[in-house]
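Contents: one structure, followed by commentary.
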Amino acid sequence: MRKALGDALELYEGMNEAGRAHWRDRAVPSIRFEDGEERDLFMENLDRIDRGEETKD
C-alpha cells in the first residue's frame with residue numbers, strides 16, 4: 001500500500017468514533033486509488049481498525 005494511504009490509516013486509527021464516521025463520509029470519496037484492489041484493501045483496513053484488529057499491507 002502506498003505510504004500516503006498508510007499515513008491516512010494511522011490518522012484514522014487515532015480518531016474517535018465520531019471523527020472516523022465523519023472522515024469516511026468526507027475524505028474517503030476524494031481519495032484517488034490506483035485500482036479497485038487498492039481501494040478494497042484500504043476499505044478493509046478501515047474496517048479492521050474499527051474492529052480493533054491489525055491492518056494488512
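Letters for chains follow the order of the C-alpha cells (A, B, ...), residue numbers begin at 1 for each chain, and ligand numbers begin at 1 in the order shown.
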
Item to complete: Fewer than 5 positions away in the same chain doesn't count, so skip those; otherwise give me all residues within 12 Å of A:Ala4, counting only C-alpha atoms, as a list in words.
Response: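 Using only C-alpha atoms, the neighbours found are Leu9, Glu10, Leu11, Ile31, Arg32, Phe33 and Phe42 of chain A.
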
Worksheet item: What separation in Å, quoted to one decimal, exists between atom CA of A:Leu46 and atom CA of A:Arg2?
Response: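 We find that atom CA of A:Leu46 and atom CA of A:Arg2 lie 14.9 Å from each other.
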
Practice prompt. Would you kindly return, as an NGL selection string, each protein, DNA or RNA residue with an atom no farther than 12 Å from any atom of A:Ala8, considering only C-alpha atoms and excluding same-chain residues fewer than 6 positions away?
Written response: :A and (1-2 or 14-15 or 20 or 23-24 or 27-28 or 31 or 42-43 or 45-46 or 49)

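When atom CA of A:Leu41 is paired with atom CA of A:Glu53, their separation reads 14.0 Å.
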
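Here atom CA of A:Glu37 is placed at a distance of 12.1 Å from atom CA of A:Asp57.
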
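Take the candidates A:Glu13, A:Leu5, A:Asp25, A:Arg39 and check each one against A:Gly52 using only C-alpha atoms; the shortest distance goes to A:Glu13.
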
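Remark: for A:Asp40, the closest of the candidate residues A:Lys3, A:Tyr12, A:Lys56, A:Arg26 is A:Lys56 (distances computed over only C-alpha atoms).
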
Practice prompt. Based on DSSP run over this structure's backbone, return all residues of chain A in alpha helix (DSSP H), as a ChimeraX atom specification.
Written response: /A:3-13,17-26,36-50
